[in-house]
Amino acid sequence: MGHINDALHIRLVGAPVEEGAGRPGCALGPQALRAAGIGAALGAADLGDVAPRPSRPLCHGNAALKALPEVSAWTEALAEAALAASDGGLPVFLGGDHSLSAGTVTGLARRAAEAGRPLFLLWLDAHPDFHTLDTTTSGNLHGTPAAYATGRPGFEGYFPALAAPVDPRRVCMLGVRSVDPAEARALAEAGVAAHGVRGMGRALAAFLARVAAEDGLLHVSLDVDFLDPGLAPAVGTTVPAGASRRAALAAMDRLRASGRVTSLDVVELNPRLDRGGRTARLMVELVARLMGDRR
């Protein structure tokens, strides 16, 4: 498989969802990334923003849950958008909070299954987002997409049925440094590999070798809080001691050299928390480094 961009045309898909986060602002993320020049940097076609259908009432025993009907509707809409945008293209989903990945990953997993190839998931995030609807105590559903996409129980009847769950053994999480006890137990039980900031290079190299060995497709989900908050303040879930600019760029270089990335999420950018657009520009720089700056 050649370098990224050689075979697949990049397609931008806006996902202005903020209902999964604990504070408003992420809905402005797609436009902030566009204003920071992501389309020109990638030479991408912009497919515009996804809009969900009206949500249906949903009741759950966990009274802490917030915006369950709305996030469920977004998940269905984004799964459909991901399936369509990945047909001969390399979709880049512009978020939006991380609940969007419940839709993008499951739509892409369906695309991979139809192609007869495994989907691998690289989760670049301070958090594993591995809560279920039952275990979350904050009730913010941006903490659940990885659990849902890998088929953890408890989402049935609330989120769309999974056509092709991602094998948790094909998931690699990097930069993780804030894990709730319920998530730690679930990660160990599922066999998900979760790594902190130290040793990321080695962990990523080993993971990419596995993707190549199985001729897999690779989806990357890049959360702003993967980075150190001193570099990227525009996120509502800052966690100290994140990835440095140098480490993040090195990871992007390694991903590009692998030629394996077939889709990408850029999530949790909250322009209301930014300082002169610095976080948006840094995210564009990282994505351009991954995909190849075409300006």
# chains A, B, ... in the order shown; residues from 1 in each chain; ligands from 1
call {"tool": "residues_around", "arguments": {"residues": "segment 8-14 of chain A", "least_positions_apart": "2", "cutoff": "7 Å", "atoms": "only C-alpha atoms", "output": "PDB file with C-alpha atoms, in the first residue's frame"}}
result
ATOM      1  CA  ASN A   5      -3.414  10.273  -0.582  1.00  0.00           C
ATOM      2  CA  ASP A   6      -2.046   8.153  -3.429  1.00  0.00           C
ATOM      3  CA  PRO A  16     -20.987  19.666  14.669  1.00  0.00           C
ATOM      4  CA  PRO A  30     -15.771  22.143  12.205  1.00  0.00           C
ATOM      5  CA  ALA A  44      -9.753  18.036   0.187  1.00  0.00           C
ATOM      6  CA  ALA A  45     -13.306  18.044  -1.080  1.00  0.00           C
ATOM      7  CA  ASP A  46     -15.657  19.438   1.566  1.00  0.00           C
ATOM      8  CA  LEU A  47     -18.904  17.487   1.821  1.00  0.00           C
ATOM      9  CA  GLY A  48     -20.398  19.925   4.323  1.00  0.00           C
ATOM     10  CA  ASP A  49     -21.913  19.112   7.694  1.00  0.00           C
ATOM     11  CA  VAL A  50     -23.935  16.083   8.756  1.00  0.00           C
ATOM     12  CA  ALA A  85     -17.798   9.031   2.512  1.00  0.00           C
ATOM     13  CA  GLY A  88     -13.542   5.339  -2.630  1.00  0.00           C
ATOM     14  CA  GLY A  89     -12.492   8.232  -0.411  1.00  0.00           C
ATOM     15  CA  LEU A  90     -10.523   8.990   2.730  1.00  0.00           C
ATOM     16  CA  PRO A  91     -12.918  10.794   5.077  1.00  0.00           C
ATOM     17  CA  VAL A  92     -11.724  13.288   7.667  1.00  0.00           C
ATOM     18  CA  PHE A  93     -14.459  13.982  10.204  1.00  0.00           C
ATOM     19  CA  LEU A  94     -14.329  17.437  11.735  1.00  0.00           C
ATOM     20  CA  GLY A  95     -15.745  17.512  15.252  1.00  0.00           C
TER      21      GLY A  95
END
call {"tool": "closest_residue", "arguments": {"among": "A:Leu119, A:Val220, A:Val176, A:Ala64", "to": "Gly242 of chain A", "atoms": "only C-alpha atoms"}}
result
A:Val176
call {"tool": "select_by_dssp", "arguments": {"residues": "segment 33-171 of chain A", "states": "strand (DSSP E)", "output": "list in words"}}
result
Ala45, Asp46, Leu47, Gly48, Asp49, Gly89, Leu90, Pro91, Val92, Phe93, Leu94, Gly95, Leu119, Phe120, Leu121, Leu122, Trp123, Leu124 and Val171 of chain A
call {"tool": "atom_distance", "arguments": {"atom1": "atom CA of Pro54 of chain A", "atom2": "atom CA of Gly96 of chain A"}}
result
18.2 Å
call {"tool": "residues_around", "arguments": {"residues": "Gly151 of chain A", "least_positions_apart": "6", "cutoff": "8 Å", "atoms": "only C-alpha atoms", "output": "list in words"}}
result
Leu162, Pro165 and Val166 of chain A
call {"tool": "closest_atom_pairs", "arguments": {"of": "segment 200-293 of chain A", "to": "segment 125-140 of chain A", "cutoff": "12 Å", "atoms": "only C-alpha atoms", "output": "Markdown table"}}
result
| residue | atom | partner | partner_atom | distance |
| --- | --- | --- | --- | --- |
| A:Val220 | CA | A:Asp125 | CA | 10.6 |
| A:Ser221 | CA | A:Asp125 | CA | 8.0 |
| A:Leu222 | CA | A:Asp125 | CA | 6.6 |
| A:Asp223 | CA | A:Asp125 | CA | 5.2 |
| A:Val224 | CA | A:Asp125 | CA | 7.4 |
| A:Asp225 | CA | A:Ala126 | CA | 5.7 |
| A:Phe226 | CA | A:Asp125 | CA | 4.2 |
| A:Leu227 | CA | A:Asp125 | CA | 8.0 |
| A:Asp228 | CA | A:Ala126 | CA | 9.4 |
| A:Pro229 | CA | A:Ala126 | CA | 10.7 |
| A:Val235 | CA | A:Ala126 | CA | 11.3 |
| A:Gly236 | CA | A:Asn140 | CA | 11.9 |
| A:Thr237 | CA | A:Ala126 | CA | 8.6 |
| A:Thr238 | CA | A:Ala126 | CA | 8.3 |
| A:Val239 | CA | A:Ala126 | CA | 6.7 |
| A:Pro240 | CA | A:Ala126 | CA | 9.1 |
| A:Ala241 | CA | A:Ala126 | CA | 9.5 |
| A:Gly242 | CA | A:Ala126 | CA | 7.3 |
| A:Ala243 | CA | A:Ala126 | CA | 9.3 |
| A:Ala248 | CA | A:Asp125 | CA | 11.5 |
| A:Asp265 | CA | A:Asp125 | CA | 11.5 |
| A:Val266 | CA | A:Asp125 | CA | 10.8 |
| A:Val267 | CA | A:Asp125 | CA | 9.7 |
| A:Glu268 | CA | A:Asp125 | CA | 10.1 |
call {"tool": "residues_around", "arguments": {"residues": "Leu187 of chain A", "least_positions_apart": "3", "cutoff": "9 Å", "atoms": "only C-alpha atoms", "output": "PyMOL selection string"}}
result
chain A and resi 128+130+147+168+182-184+190-194
call {"tool": "closest_residue", "arguments": {"among": "A:Ala188, A:Ala51, A:Leu121, A:Val287", "to": "Arg210 of chain A", "atoms": "only C-alpha atoms"}}
result
A:Leu121
call {"tool": "decode", "arguments": {"residues": "segment 63-102 of chain A", "atoms": "N, CA and C atoms", "output": "compact mmCIF listing (two decimals), in the first residue's frame"}}
result
# COMPACT_ATOMS: atom_id res chain seq x y z
N ALA A 63 -29.81 7.72 35.69
CA ALA A 63 -30.36 9.08 35.69
C ALA A 63 -29.33 10.14 35.36
N ALA A 64 -28.04 9.79 35.39
CA ALA A 64 -26.98 10.76 35.09
C ALA A 64 -26.86 11.05 33.60
N LEU A 65 -27.39 10.17 32.74
CA LEU A 65 -27.19 10.30 31.30
C LEU A 65 -27.76 11.62 30.79
N LYS A 66 -26.98 12.25 29.91
CA LYS A 66 -27.38 13.52 29.32
C LYS A 66 -27.50 13.38 27.81
N ALA A 67 -28.57 13.89 27.27
CA ALA A 67 -28.76 13.98 25.81
C ALA A 67 -28.66 12.63 25.12
N LEU A 68 -29.16 11.58 25.75
CA LEU A 68 -29.12 10.24 25.13
C LEU A 68 -29.86 10.20 23.80
N PRO A 69 -31.08 10.74 23.68
CA PRO A 69 -31.76 10.69 22.37
C PRO A 69 -30.99 11.43 21.29
N GLU A 70 -30.43 12.58 21.64
CA GLU A 70 -29.72 13.37 20.64
C GLU A 70 -28.43 12.68 20.18
N VAL A 71 -27.67 12.14 21.11
CA VAL A 71 -26.42 11.46 20.74
C VAL A 71 -26.72 10.19 19.94
N SER A 72 -27.77 9.49 20.29
CA SER A 72 -28.16 8.32 19.52
C SER A 72 -28.50 8.70 18.08
N ALA A 73 -29.20 9.80 17.90
CA ALA A 73 -29.54 10.26 16.55
C ALA A 73 -28.29 10.66 15.77
N TRP A 74 -27.37 11.34 16.44
CA TRP A 74 -26.11 11.69 15.79
C TRP A 74 -25.33 10.44 15.39
N THR A 75 -25.34 9.43 16.25
CA THR A 75 -24.61 8.19 15.97
C THR A 75 -25.14 7.54 14.70
N GLU A 76 -26.44 7.47 14.56
CA GLU A 76 -27.03 6.88 13.36
C GLU A 76 -26.67 7.68 12.11
N ALA A 77 -26.78 9.01 12.20
CA ALA A 77 -26.49 9.85 11.04
C ALA A 77 -25.03 9.78 10.63
N LEU A 78 -24.13 9.76 11.60
CA LEU A 78 -22.71 9.75 11.29
C LEU A 78 -22.24 8.38 10.81
N ALA A 79 -22.87 7.31 11.27
CA ALA A 79 -22.54 5.99 10.73
C ALA A 79 -22.88 5.92 9.25
N GLU A 80 -24.03 6.47 8.89
CA GLU A 80 -24.43 6.49 7.48
C GLU A 80 -23.48 7.38 6.67
N ALA A 81 -23.11 8.53 7.22
CA ALA A 81 -22.21 9.45 6.52
C ALA A 81 -20.83 8.83 6.34
N ALA A 82 -20.35 8.10 7.36
CA ALA A 82 -19.04 7.47 7.28
C ALA A 82 -19.02 6.37 6.23
N LEU A 83 -20.09 5.58 6.19
CA LEU A 83 -20.18 4.53 5.18
C LEU A 83 -20.13 5.12 3.78
N ALA A 84 -20.86 6.22 3.57
CA ALA A 84 -20.90 6.84 2.25
C ALA A 84 -19.58 7.51 1.89
N ALA A 85 -19.01 8.26 2.81
CA ALA A 85 -17.80 9.03 2.51
C ALA A 85 -16.58 8.14 2.32
N SER A 86 -16.61 6.93 2.88
CA SER A 86 -15.48 6.01 2.74
C SER A 86 -15.55 5.17 1.48
N ASP A 87 -16.55 5.39 0.67
CA ASP A 87 -16.68 4.67 -0.61
C ASP A 87 -15.75 5.32 -1.63
N GLY A 88 -14.52 4.81 -1.70
CA GLY A 88 -13.54 5.34 -2.63
C GLY A 88 -12.87 6.61 -2.17
N GLY A 89 -13.09 7.02 -0.92
CA GLY A 89 -12.49 8.23 -0.41
C GLY A 89 -11.89 8.01 0.96
N LEU A 90 -11.12 9.00 1.40
CA LEU A 90 -10.52 8.99 2.73
C LEU A 90 -11.21 10.10 3.53
N PRO A 91 -12.18 9.77 4.36
CA PRO A 91 -12.92 10.79 5.08
C PRO A 91 -12.17 11.31 6.30
N VAL A 92 -12.24 12.62 6.48
CA VAL A 92 -11.72 13.29 7.67
C VAL A 92 -12.92 13.96 8.34
N PHE A 93 -13.28 13.48 9.51
CA PHE A 93 -14.46 13.98 10.20
C PHE A 93 -14.06 15.10 11.15
N LEU A 94 -14.68 16.25 10.97
CA LEU A 94 -14.33 17.44 11.73
C LEU A 94 -15.33 17.61 12.87
N GLY A 95 -14.85 17.39 14.10
CA GLY A 95 -15.74 17.51 15.25
C GLY A 95 -15.69 18.87 15.88
N GLY A 96 -16.66 19.03 16.75
CA GLY A 96 -17.54 18.06 17.35
C GLY A 96 -16.86 17.32 18.52
N ASP A 97 -17.70 16.92 19.50
CA ASP A 97 -17.15 16.18 20.63
C ASP A 97 -16.96 14.71 20.25
N HIS A 98 -16.29 13.97 21.17
CA HIS A 98 -15.84 12.62 20.81
C HIS A 98 -16.97 11.61 20.71
N SER A 99 -18.18 11.99 21.11
CA SER A 99 -19.29 11.07 20.90
C SER A 99 -19.50 10.79 19.41
N LEU A 100 -19.01 11.67 18.54
CA LEU A 100 -19.17 11.47 17.09
C LEU A 100 -18.54 10.16 16.64
N SER A 101 -17.51 9.70 17.36
CA SER A 101 -16.82 8.48 16.93
C SER A 101 -17.68 7.23 17.09
N ALA A 102 -18.71 7.31 17.92
CA ALA A 102 -19.64 6.19 17.99
C ALA A 102 -20.25 5.93 16.61
